[in-house]
>>> print(open('structure_22.cif').read())   # mmCIF, C-alpha atoms
data_model
#
loop_
_atom_site.label_atom_id
_atom_site.label_comp_id
_atom_site.auth_asym_id
_atom_site.auth_seq_id
_atom_site.Cartn_x
_atom_site.Cartn_y
_atom_site.Cartn_z
CA ALA A 1 18.47 -24.75 1.76
CA SER A 2 17.22 -22.30 -0.86
CA VAL A 3 14.74 -19.48 -0.29
CA ARG A 4 11.96 -21.58 -1.83
CA GLU A 5 12.77 -24.62 0.31
CA LEU A 6 12.61 -22.46 3.44
CA GLY A 7 9.20 -21.21 2.37
CA ILE A 8 10.12 -17.52 2.44
CA GLY A 9 10.12 -16.79 -1.30
CA ASP A 10 10.37 -18.17 -4.82
CA ASP A 11 14.15 -17.96 -5.35
CA HIS A 12 15.57 -21.42 -6.02
CA ASP A 13 18.93 -20.45 -7.53
CA GLY A 14 21.03 -21.80 -4.68
CA ILE A 15 21.67 -22.09 -0.97
CA LEU A 16 20.56 -19.07 1.06
CA VAL A 17 23.62 -17.31 2.47
CA PRO A 18 22.88 -14.95 5.41
CA GLY A 19 25.25 -12.34 4.00
CA ARG A 20 22.94 -11.84 1.01
CA LEU A 21 20.29 -10.64 3.42
CA GLY A 22 22.54 -8.30 5.38
CA LEU A 23 22.70 -10.75 8.28
CA ASP A 24 25.81 -11.63 10.26
CA PRO A 25 24.72 -14.27 12.79
CA GLU A 26 27.01 -15.77 15.40
CA VAL A 27 28.07 -19.37 15.01
CA GLY A 28 25.52 -21.57 16.77
CA ALA A 29 22.67 -19.05 16.49
CA VAL A 30 19.22 -20.56 15.95
CA ALA A 31 18.42 -20.25 12.24
CA LEU A 32 14.70 -19.73 12.82
CA GLU A 33 15.43 -16.73 15.02
CA VAL A 34 18.01 -15.27 12.62
CA LEU A 35 15.65 -15.59 9.64
CA GLY A 36 12.51 -14.60 11.56
CA LEU A 37 10.73 -17.81 10.61
CA TYR A 38 8.81 -18.65 13.77
CA ASP A 39 5.31 -19.25 12.40
CA GLU A 40 3.17 -17.95 15.22
CA ALA A 41 0.02 -16.09 14.25
CA ALA A 42 -3.51 -15.51 15.53
CA GLN A 43 -6.34 -16.04 13.06
CA ILE A 44 -9.38 -13.80 13.48
CA ASN A 45 -12.62 -13.34 11.57
CA VAL A 46 -13.17 -9.67 10.69
CA THR A 47 -16.81 -8.58 10.52
CA PRO A 48 -17.85 -5.96 7.90
CA ASP A 49 -18.13 -3.22 10.54
CA ARG A 50 -14.59 -3.80 11.81
CA GLY A 51 -12.60 -3.12 8.64
CA TYR A 52 -9.85 -1.47 10.65
CA CYS A 53 -9.03 -4.93 12.02
CA PHE A 54 -7.43 -5.78 8.68
CA SER A 55 -4.33 -4.17 10.19
CA LEU A 56 -2.09 -4.74 13.18
CA ARG A 57 -2.96 -1.23 14.35
CA GLY A 58 -6.68 -1.96 14.30
CA VAL A 59 -6.40 -5.33 16.01
CA ALA A 60 -4.24 -3.83 18.74
CA ARG A 61 -6.77 -1.05 19.34
CA GLU A 62 -9.67 -3.52 19.46
CA TYR A 63 -7.77 -5.76 21.87
CA ALA A 64 -6.96 -2.79 24.10
CA HIS A 65 -10.62 -1.74 24.25
CA ALA A 66 -11.76 -5.28 25.02
CA THR A 67 -9.22 -6.01 27.75
CA GLY A 68 -8.33 -2.62 29.20
CA THR A 69 -4.76 -2.99 28.01
CA VAL A 70 -2.88 0.21 27.18
CA PHE A 71 -3.00 0.86 23.42
CA THR A 72 0.32 1.85 21.87
CA ASP A 73 -0.47 3.26 18.44
CA PRO A 74 2.21 2.18 15.91
CA ALA A 75 1.35 5.23 13.80
CA ALA A 76 2.25 7.52 16.71
CA GLY A 77 5.78 6.16 16.61
CA VAL A 78 6.34 7.34 13.03
CA ALA A 79 8.15 10.67 12.91
CA VAL A 80 6.71 12.47 9.89
CA ALA A 81 9.35 14.70 8.34
CA GLU A 82 8.35 18.31 7.80
CA ALA A 83 7.98 18.92 4.08
CA ALA A 84 10.46 21.30 2.49
CA GLY A 85 8.28 22.50 -0.34
CA GLU A 86 5.54 21.02 -2.52
CA GLY A 87 6.21 17.57 -3.94
CA TYR A 88 4.85 15.88 -7.04
CA PRO A 89 1.89 17.90 -8.44
CA VAL A 90 -1.52 16.39 -7.63
CA ARG A 91 -5.03 17.75 -8.32
CA ILE A 92 -8.38 16.38 -7.16
CA GLU A 93 -11.11 17.05 -9.74
CA ASP A 94 -14.17 15.01 -8.80
CA ALA A 95 -17.04 16.29 -10.92
CA ALA A 96 -19.47 13.49 -9.91
CA PRO A 97 -19.33 12.94 -6.14
CA ILE A 98 -21.42 10.08 -4.72
CA TYR A 99 -24.15 11.23 -2.29
CA GLY A 100 -22.53 14.66 -2.24
CA LYS A 101 -19.24 13.32 -0.89
CA PRO A 102 -16.04 13.66 -2.96
CA GLY A 103 -14.51 10.37 -4.04
CA CYS A 104 -11.09 11.50 -2.80
CA ASP A 105 -10.60 13.96 0.04
CA ARG A 106 -6.89 13.44 0.70
CA PHE A 107 -3.89 12.49 -1.43
CA VAL A 108 -0.43 12.31 0.13
CA ALA A 109 2.50 11.80 -2.25
CA ARG A 110 6.15 11.18 -1.34
CA THR A 111 9.15 10.43 -3.54
CA VAL A 112 12.12 8.12 -2.94
CA ARG A 113 14.95 7.99 -5.48
CA GLY A 114 17.88 5.65 -6.03
CA VAL A 115 16.23 2.48 -4.75
CA ASP A 116 18.34 -0.66 -5.27
CA PRO A 117 15.97 -3.12 -7.02
CA THR A 118 18.35 -6.05 -6.47
CA ARG A 119 18.06 -6.07 -2.68
CA PRO A 120 16.04 -8.99 -1.29
CA THR A 121 13.15 -8.70 1.12
CA PRO A 122 14.34 -9.38 4.69
CA PRO A 123 13.13 -12.80 5.95
CA TRP A 124 11.26 -11.21 8.87
CA MET A 125 9.17 -9.14 6.47
CA SER A 126 8.45 -11.89 3.94
CA SER A 127 7.57 -14.23 6.80
CA ARG A 128 5.06 -11.77 8.27
CA LEU A 129 3.53 -11.18 4.85
CA ARG A 130 3.22 -14.92 4.29
CA LEU A 131 1.51 -15.42 7.65
CA ALA A 132 -0.98 -12.73 6.61
CA GLY A 133 -1.70 -14.55 3.34
CA ILE A 134 0.31 -12.23 1.06
CA ARG A 135 3.01 -13.61 -1.21
CA SER A 136 6.41 -11.92 -1.20
CA ILE A 137 7.03 -10.39 -4.65
CA SER A 138 9.91 -7.92 -4.45
CA LEU A 139 11.31 -5.61 -1.80
CA VAL A 140 9.54 -2.48 -3.07
CA VAL A 141 6.15 -4.19 -3.47
CA ASP A 142 6.56 -6.01 -0.16
CA ILE A 143 7.15 -2.73 1.68
CA SER A 144 3.89 -1.37 0.28
CA ASN A 145 1.97 -4.43 1.49
CA TYR A 146 3.74 -4.50 4.84
CA VAL A 147 2.79 -0.91 5.70
CA MET A 148 -0.82 -1.63 4.71
CA LEU A 149 -0.92 -4.61 7.08
CA GLU A 150 0.77 -2.64 9.84
CA LEU A 151 -1.17 0.66 9.75
CA GLY A 152 -4.27 -0.17 7.70
CA GLN A 153 -3.56 2.43 4.98
CA PRO A 154 -3.39 0.94 1.47
CA LEU A 155 -0.53 2.41 -0.54
CA HIS A 156 0.22 2.48 -4.23
CA PHE A 157 3.73 2.82 -5.65
CA TYR A 158 4.34 4.28 -9.12
CA VAL A 159 7.48 4.21 -11.21
CA LEU A 160 8.29 7.92 -11.06
CA ASP A 161 10.05 7.93 -14.44
CA LYS A 162 6.93 6.60 -16.19
CA LEU A 163 4.59 9.32 -14.96
CA GLN A 164 3.69 12.01 -17.48
CA GLY A 165 2.72 15.37 -16.03
CA SER A 166 0.58 16.03 -12.98
CA ILE A 167 -1.51 13.37 -11.26
CA VAL A 168 -5.22 14.16 -11.47
CA VAL A 169 -7.91 12.30 -9.51
CA ARG A 170 -11.13 12.39 -11.56
CA ARG A 171 -14.07 10.34 -12.79
CA ALA A 172 -13.76 8.22 -15.94
CA ARG A 173 -14.76 9.64 -19.29
CA PRO A 174 -17.13 7.81 -21.68
CA GLY A 175 -15.31 5.04 -23.55
CA GLU A 176 -12.15 5.28 -21.44
CA THR A 177 -10.20 2.07 -20.80
CA LEU A 178 -7.32 0.96 -18.59
CA LYS A 179 -4.97 -2.02 -18.68
CA THR A 180 -4.77 -3.05 -15.03
CA LEU A 181 -2.00 -4.88 -13.19
CA ASP A 182 -3.55 -8.24 -14.07
CA ASP A 183 -2.94 -7.42 -17.78
CA LYS A 184 -6.64 -7.11 -18.58
CA VAL A 185 -8.06 -4.13 -20.45
CA ARG A 186 -10.98 -2.74 -18.46
CA ARG A 187 -13.76 -0.61 -19.94
CA LEU A 188 -14.35 2.09 -17.35
CA ASP A 189 -17.66 3.42 -16.11
CA PRO A 190 -18.23 7.19 -15.76
CA GLN A 191 -18.76 6.64 -12.01
CA ASP A 192 -15.31 5.07 -11.61
CA LEU A 193 -12.83 7.28 -9.79
CA LEU A 194 -9.46 7.24 -11.55
CA ILE A 195 -5.86 8.19 -10.94
CA THR A 196 -4.65 9.81 -14.15
CA ASP A 197 -1.75 11.71 -15.69
CA ASP A 198 -1.25 13.36 -19.08
CA SER A 199 -1.32 9.92 -20.76
CA GLY A 200 -4.77 9.08 -19.37
CA ALA A 201 -5.85 6.61 -16.70
CA ILE A 202 -3.05 4.98 -14.69
CA GLY A 203 -5.19 3.35 -12.01
CA ILE A 204 -8.68 2.74 -10.66
CA ALA A 205 -8.58 4.67 -7.40
CA GLY A 206 -8.48 2.45 -4.34
CA VAL A 207 -8.94 -0.73 -6.40
CA MET A 208 -6.05 -1.53 -8.73
CA GLY A 209 -3.20 0.26 -10.47
CA GLY A 210 -2.43 0.33 -14.17
CA ALA A 211 0.18 -1.77 -15.93
CA ALA A 212 1.87 1.27 -17.53
CA THR A 213 3.30 2.58 -14.23
CA GLU A 214 3.72 -0.78 -12.45
CA VAL A 215 6.72 -1.23 -10.18
CA SER A 216 9.11 -3.84 -11.58
CA ASP A 217 12.48 -5.44 -10.80
CA GLY A 218 14.19 -2.47 -12.46
CA THR A 219 12.40 0.28 -10.54
CA VAL A 220 14.80 2.88 -9.13
CA ASN A 221 12.67 5.97 -8.45
CA VAL A 222 9.35 5.54 -6.65
CA LEU A 223 6.35 7.81 -6.09
CA ILE A 224 4.30 6.77 -3.05
CA GLU A 225 0.54 7.37 -2.93
CA ALA A 226 -1.30 7.33 0.40
CA ALA A 227 -4.81 8.55 -0.32
CA HIS A 228 -8.24 8.48 1.28
CA PHE A 229 -11.23 7.44 -0.85
CA GLU A 230 -14.98 7.44 -0.22
CA GLU A 231 -16.35 3.99 0.66
CA VAL A 232 -19.36 3.75 -1.70
CA SER A 233 -17.37 4.91 -4.71
CA ILE A 234 -14.68 2.27 -4.14
CA ALA A 235 -17.24 -0.48 -3.52
CA ARG A 236 -18.99 0.26 -6.81
CA SER A 237 -15.75 0.41 -8.79
CA ARG A 238 -14.66 -2.89 -7.27
CA ARG A 239 -17.93 -4.77 -7.76
CA ARG A 240 -18.79 -3.59 -11.25
CA PRO A 241 -15.88 -5.41 -12.97
CA LYS A 242 -15.63 -8.04 -10.17
CA LEU A 243 -12.14 -6.80 -9.33
CA PRO A 244 -11.34 -7.54 -5.66
CA SER A 245 -8.08 -6.32 -4.13
CA GLU A 246 -6.50 -5.93 -0.71
CA ALA A 247 -6.79 -2.15 -1.09
CA SER A 248 -10.48 -2.08 -2.01
CA LYS A 249 -11.30 -4.51 0.81
CA ARG A 250 -10.08 -1.87 3.24
CA PHE A 251 -11.26 1.30 1.50
CA GLU A 252 -14.85 0.13 1.08
CA ARG A 253 -15.01 -0.56 4.83
CA GLY A 254 -13.40 2.73 5.79
CA VAL A 255 -9.80 3.82 6.32
CA ASP A 256 -8.56 6.34 8.89
CA TRP A 257 -8.28 9.71 7.13
CA GLN A 258 -5.54 10.85 9.51
CA VAL A 259 -3.05 7.98 9.02
CA ALA A 260 -2.05 8.77 5.42
CA ASP A 261 0.94 10.93 6.41
CA GLU A 262 2.31 8.34 8.81
CA ALA A 263 1.84 5.49 6.34
CA ALA A 264 3.63 7.38 3.57
CA GLN A 265 6.48 8.26 5.94
CA ARG A 266 6.73 4.65 7.13
CA ALA A 267 7.06 3.50 3.52
CA VAL A 268 9.70 6.17 2.89
CA ASP A 269 11.67 5.08 5.95
CA LEU A 270 11.62 1.41 4.90
CA LEU A 271 12.63 2.20 1.31
CA VAL A 272 15.57 4.24 2.65
CA GLU A 273 16.59 1.66 5.27
CA LEU A 274 16.08 -1.56 3.34
CA ALA A 275 16.35 -0.51 -0.31
CA GLY A 276 19.05 2.17 -0.01
CA GLY A 277 16.90 4.95 -1.43
CA THR A 278 17.07 8.69 -0.79
CA ALA A 279 13.89 10.53 0.21
CA ASP A 280 12.93 13.84 -1.38
CA ALA A 281 12.46 16.57 1.20
CA ALA A 282 9.39 17.90 -0.63
CA ALA A 283 5.98 16.28 -0.11
CA THR A 284 2.40 16.64 -1.35
CA ASP A 285 -0.68 16.62 0.89
CA THR A 286 -3.77 17.57 -1.09
CA GLY A 287 -7.27 17.54 0.36
CA THR A 288 -9.43 18.73 3.21
CA ALA A 289 -10.52 16.98 6.40
CA PRO A 290 -13.96 15.34 6.20
CA GLU A 291 -16.87 16.85 8.08
CA PRO A 292 -17.39 15.24 11.52
CA VAL A 293 -20.26 12.75 11.62
#
>>> encode(input="structure_22.cif", output="structure tokens")
Amino acid sequence: ASVRELGIGDDHDGILVPGRLGLDPEVGAVALEVLGLYDEAAQINVTPDRGYCFSLRGVAREYAHATGTVFTDPAAGVAVAEAAGEGYPVRIEDAAPIYGKPGCDRFVARTVRGVDPTRPTPPWMSSRLRLAGIRSISLVVDISNYVMLELGQPLHFYVLDKLQGSIVVRRARPGETLKTLDDKVRRLDPQDLLITDDSGAIGIAGVMGGAATEVSDGTVNVLIEAAHFEEVSIARSRRRPKLPSEASKRFERGVDWQVADEAAQRAVDLLVELAGGTADAAATDTGTAPEPV
């Protein structure tokens, strides 16, 4: 059967051969186990005040509190590498904070080079994404979505070679526009928080990235963004143009400020392990911890 016929992707070029996926099963092994295709999932309704339950980490914590079960934090198992120097340059320049709170108070950036864009997404990952209602697109994009579902931290991946100069997080300027990933040109509002470089806007922070730096099938060098954005700012930027996204759904309900490092490292580890990339030793962590409530 092909990948499409098995329901784990859109490839319909031919019969799926385990060797293409880096698998070497024994003769007689159960195919469903080898390909990770057992469709067993629990469906839950997440209330607005439980946004952290849009992740495996959040659901596990909620279950532990409700039942008295020991909570094993998946983020605690991620060994964050000590940075050897400052990574890609990032500045936060929010001149119009909402309710006195900055729109972005943390921006972690990591770089992985030499990714092999031809490698397929492992069946276990595409299957888990599918069960969560997310379509498998490509290995690099799938890793971004997988970490978000696992730890609750939305990530954004940029094509490193398409970035021009430093990344600056700032509010939109009058008349500024952005072509988003859905190929629509958006007129931006001065209250919109943007991710920009020397070329202008390259993404609406916490909502949707821009088409100019979009990861594609030919992406080799990747810059990973794991940032923390203020809830009201993201909600307004999402609702104004009616632009829902998996990232904004989480940010406008609140994301753990402290998990950005672990999420970025988890993405780095998966890109190295599954896509054959090499991680830069340098890293960027810009921002200050929020005041305790």
>>> residues_around(input="structure_22.cif", residues="range 149-153 of chain A", least_positions_apart="6", cutoff="12 Å", atoms="all atoms listed in the file", output="short mmCIF file (atom, residue, chain, number, x, y, z; two decimals) with C-alpha atoms, keeping the file's coordinate frame")
data_model
loop_
_atom_site.label_atom_id
_atom_site.label_comp_id
_atom_site.auth_asym_id
_atom_site.auth_seq_id
_atom_site.Cartn_x
_atom_site.Cartn_y
_atom_site.Cartn_z
CA ARG A 50 -14.59 -3.80 11.81
CA GLY A 51 -12.60 -3.12 8.64
CA TYR A 52 -9.85 -1.47 10.65
CA CYS A 53 -9.03 -4.93 12.02
CA PHE A 54 -7.43 -5.78 8.68
CA SER A 55 -4.33 -4.17 10.19
CA LEU A 56 -2.09 -4.74 13.18
CA ARG A 57 -2.96 -1.23 14.35
CA GLY A 58 -6.68 -1.96 14.30
CA VAL A 59 -6.40 -5.33 16.01
CA ALA A 60 -4.24 -3.83 18.74
CA ARG A 61 -6.77 -1.05 19.34
CA ASP A 73 -0.47 3.26 18.44
CA PRO A 74 2.21 2.18 15.91
CA ALA A 75 1.35 5.23 13.80
CA ALA A 76 2.25 7.52 16.71
CA GLY A 77 5.78 6.16 16.61
CA VAL A 78 6.34 7.34 13.03
CA PHE A 107 -3.89 12.49 -1.43
CA VAL A 108 -0.43 12.31 0.13
CA MET A 125 9.17 -9.14 6.47
CA ARG A 128 5.06 -11.77 8.27
CA LEU A 129 3.53 -11.18 4.85
CA ARG A 130 3.22 -14.92 4.29
CA LEU A 131 1.51 -15.42 7.65
CA ALA A 132 -0.98 -12.73 6.61
CA GLY A 133 -1.70 -14.55 3.34
CA ILE A 134 0.31 -12.23 1.06
CA ASP A 142 6.56 -6.01 -0.16
CA ILE A 143 7.15 -2.73 1.68
CA GLY A 206 -8.48 2.45 -4.34
CA GLU A 225 0.54 7.37 -2.93
CA ALA A 226 -1.30 7.33 0.40
CA ALA A 227 -4.81 8.55 -0.32
CA HIS A 228 -8.24 8.48 1.28
CA PHE A 229 -11.23 7.44 -0.85
CA GLU A 246 -6.50 -5.93 -0.71
CA ALA A 247 -6.79 -2.15 -1.09
CA SER A 248 -10.48 -2.08 -2.01
CA LYS A 249 -11.30 -4.51 0.81
CA ARG A 250 -10.08 -1.87 3.24
CA PHE A 251 -11.26 1.30 1.50
CA ARG A 253 -15.01 -0.56 4.83
CA GLY A 254 -13.40 2.73 5.79
CA VAL A 255 -9.80 3.82 6.32
CA ASP A 256 -8.56 6.34 8.89
CA TRP A 257 -8.28 9.71 7.13
CA GLN A 258 -5.54 10.85 9.51
CA VAL A 259 -3.05 7.98 9.02
CA ALA A 260 -2.05 8.77 5.42
CA ASP A 261 0.94 10.93 6.41
CA GLU A 262 2.31 8.34 8.81
CA ALA A 263 1.84 5.49 6.34
CA ALA A 264 3.63 7.38 3.57
CA GLN A 265 6.48 8.26 5.94
CA ARG A 266 6.73 4.65 7.13
CA ALA A 267 7.06 3.50 3.52
#
>>> closest_residue(input="structure_22.cif", among="A:Thr180, A:Thr288, A:Gln43, A:Ser199", to="Leu163 in chain A", atoms="all atoms listed in the file")
A:Ser199
>>> resolve_selection(input="structure_22.cif", expression="the PyMOL selection byres ((chain A and resi 119) around 10)", output="PyMOL selection string")
chain A and resi 20-22+115-118+120-122+138-140+217+274-276
>>> residues_around(input="structure_22.cif", residues="Arg173 in chain A", least_positions_apart="2", cutoff="9 Å", atoms="all atoms listed in the file", output="list in words")
Arg170, Arg171, Gly175, Glu176, Thr177, Leu188, Asp189, Pro190, Gln191 and Asp192 of chain A
>>> closest_residue(input="structure_22.cif", among="A:Thr213, A:Ile44, A:Arg187, A:Arg135", to="Tyr63 in chain A", atoms="all atoms listed in the file")
A:Ile44
>>> closest_residue(input="structure_22.cif", among="A:Ala83, A:Thr284, A:Glu214, A:Asp269", to="Val112 in chain A", atoms="only C-alpha atoms")
A:Asp269
>>> atom_distance(input="structure_22.cif", atom1="CA of Gly209 in chain A", atom2="CA of Asp197 in chain A")
12.7 Å
>>> residues_near_point(input="structure_22.cif", point="(13.2, 19.3, -3.6)", cutoff="9 Å", atoms="all atoms listed in the file", output="list in words")
Ala84, Gly85, Glu86, Gly87, Asp280, Ala281, Ala282 and Ala283 of chain A
>>> closest_residue(input="structure_22.cif", among="A:Ser126, A:Ala172, A:Lys179, A:Ile202", to="His156 in chain A", atoms="only C-alpha atoms")
A:Ile202
>>> closest_residue(input="structure_22.cif", among="A:Gly210, A:Gly287, A:Pro174, A:Gly114", to="Phe157 in chain A", atoms="only C-alpha atoms")
A:Gly210
>>> closest_residue(input="structure_22.cif", among="A:Leu181, A:Ala81, A:Met148, A:Ala41", to="Val215 in chain A", atoms="only C-alpha atoms")
A:Leu181
>>> atom_distance(input="structure_22.cif", atom1="CA of Tyr158 in chain A", atom2="CA of Leu223 in chain A")
5.1 Å
>>> build_atoms(input="structure_22.cif", residues="range 70-80 of chain A", atoms="all heavy atoms", output="PDB file, in the frame of the given file")
ATOM      1  N   VAL A  70      -3.303  -1.071  27.752  1.00  0.00           N
ATOM      2  CA  VAL A  70      -2.880   0.210  27.180  1.00  0.00           C
ATOM      3  C   VAL A  70      -2.605   0.039  25.689  1.00  0.00           C
ATOM      4  O   VAL A  70      -1.895  -0.882  25.275  1.00  0.00           O
ATOM      5  CB  VAL A  70      -1.624   0.748  27.893  1.00  0.00           C
ATOM      6  CG1 VAL A  70      -1.135   2.029  27.213  1.00  0.00           C
ATOM      7  CG2 VAL A  70      -1.919   1.012  29.362  1.00  0.00           C
ATOM      8  N   PHE A  71      -3.184   0.909  24.875  1.00  0.00           N
ATOM      9  CA  PHE A  71      -3.000   0.860  23.420  1.00  0.00           C
ATOM     10  C   PHE A  71      -1.810   1.731  23.023  1.00  0.00           C
ATOM     11  O   PHE A  71      -1.789   2.934  23.278  1.00  0.00           O
ATOM     12  CB  PHE A  71      -4.260   1.343  22.709  1.00  0.00           C
ATOM     13  CG  PHE A  71      -4.094   1.512  21.225  1.00  0.00           C
ATOM     14  CD1 PHE A  71      -3.620   0.477  20.431  1.00  0.00           C
ATOM     15  CD2 PHE A  71      -4.420   2.717  20.607  1.00  0.00           C
ATOM     16  CE1 PHE A  71      -3.477   0.626  19.054  1.00  0.00           C
ATOM     17  CE2 PHE A  71      -4.286   2.879  19.242  1.00  0.00           C
ATOM     18  CZ  PHE A  71      -3.811   1.830  18.454  1.00  0.00           C
ATOM     19  N   THR A  72      -0.818   1.119  22.409  1.00  0.00           N
ATOM     20  CA  THR A  72       0.320   1.850  21.870  1.00  0.00           C
ATOM     21  C   THR A  72       0.166   1.922  20.361  1.00  0.00           C
ATOM     22  O   THR A  72       0.316   0.914  19.665  1.00  0.00           O
ATOM     23  CB  THR A  72       1.656   1.158  22.230  1.00  0.00           C
ATOM     24  OG1 THR A  72       1.760   1.048  23.651  1.00  0.00           O
ATOM     25  CG2 THR A  72       2.835   1.956  21.695  1.00  0.00           C
ATOM     26  N   ASP A  73      -0.173   3.083  19.867  1.00  0.00           N
ATOM     27  CA  ASP A  73      -0.470   3.260  18.440  1.00  0.00           C
ATOM     28  C   ASP A  73       0.838   3.214  17.635  1.00  0.00           C
ATOM     29  O   ASP A  73       1.712   4.072  17.811  1.00  0.00           O
ATOM     30  CB  ASP A  73      -1.160   4.598  18.233  1.00  0.00           C
ATOM     31  CG  ASP A  73      -1.684   4.777  16.814  1.00  0.00           C
ATOM     32  OD1 ASP A  73      -1.340   3.954  15.943  1.00  0.00           O
ATOM     33  OD2 ASP A  73      -2.427   5.746  16.581  1.00  0.00           O
ATOM     34  N   PRO A  74       0.992   2.230  16.723  1.00  0.00           N
ATOM     35  CA  PRO A  74       2.210   2.180  15.910  1.00  0.00           C
ATOM     36  C   PRO A  74       2.371   3.403  15.008  1.00  0.00           C
ATOM     37  O   PRO A  74       3.493   3.779  14.665  1.00  0.00           O
ATOM     38  CB  PRO A  74       2.054   0.895  15.096  1.00  0.00           C
ATOM     39  CG  PRO A  74       0.596   0.599  15.121  1.00  0.00           C
ATOM     40  CD  PRO A  74       0.090   1.118  16.424  1.00  0.00           C
ATOM     41  N   ALA A  75       1.260   4.033  14.641  1.00  0.00           N
ATOM     42  CA  ALA A  75       1.350   5.230  13.800  1.00  0.00           C
ATOM     43  C   ALA A  75       1.958   6.400  14.568  1.00  0.00           C
ATOM     44  O   ALA A  75       2.631   7.256  13.996  1.00  0.00           O
ATOM     45  CB  ALA A  75      -0.026   5.612  13.273  1.00  0.00           C
ATOM     46  N   ALA A  76       1.716   6.424  15.894  1.00  0.00           N
ATOM     47  CA  ALA A  76       2.250   7.520  16.710  1.00  0.00           C
ATOM     48  C   ALA A  76       3.761   7.462  16.807  1.00  0.00           C
ATOM     49  O   ALA A  76       4.406   8.477  17.115  1.00  0.00           O
ATOM     50  CB  ALA A  76       1.635   7.463  18.107  1.00  0.00           C
ATOM     51  N   GLY A  77       4.335   6.301  16.543  1.00  0.00           N
ATOM     52  CA  GLY A  77       5.780   6.160  16.610  1.00  0.00           C
ATOM     53  C   GLY A  77       6.501   6.538  15.329  1.00  0.00           C
ATOM     54  O   GLY A  77       7.728   6.470  15.259  1.00  0.00           O
ATOM     55  N   VAL A  78       5.738   6.937  14.302  1.00  0.00           N
ATOM     56  CA  VAL A  78       6.340   7.340  13.030  1.00  0.00           C
ATOM     57  C   VAL A  78       6.570   8.845  13.038  1.00  0.00           C
ATOM     58  O   VAL A  78       5.624   9.625  13.162  1.00  0.00           O
ATOM     59  CB  VAL A  78       5.434   6.953  11.842  1.00  0.00           C
ATOM     60  CG1 VAL A  78       6.062   7.405  10.521  1.00  0.00           C
ATOM     61  CG2 VAL A  78       5.181   5.449  11.820  1.00  0.00           C
ATOM     62  N   ALA A  79       7.813   9.243  12.920  1.00  0.00           N
ATOM     63  CA  ALA A  79       8.150  10.670  12.910  1.00  0.00           C
ATOM     64  C   ALA A  79       8.028  11.211  11.490  1.00  0.00           C
ATOM     65  O   ALA A  79       8.893  10.958  10.641  1.00  0.00           O
ATOM     66  CB  ALA A  79       9.575  10.869  13.439  1.00  0.00           C
ATOM     67  N   VAL A  80       6.944  11.929  11.229  1.00  0.00           N
ATOM     68  CA  VAL A  80       6.710  12.470   9.890  1.00  0.00           C
ATOM     69  C   VAL A  80       7.597  13.685   9.662  1.00  0.00           C
ATOM     70  O   VAL A  80       7.537  14.660  10.416  1.00  0.00           O
ATOM     71  CB  VAL A  80       5.226  12.847   9.705  1.00  0.00           C
ATOM     72  CG1 VAL A  80       5.005  13.444   8.317  1.00  0.00           C
ATOM     73  CG2 VAL A  80       4.340  11.628   9.910  1.00  0.00           C
TER      74      VAL A  80
END
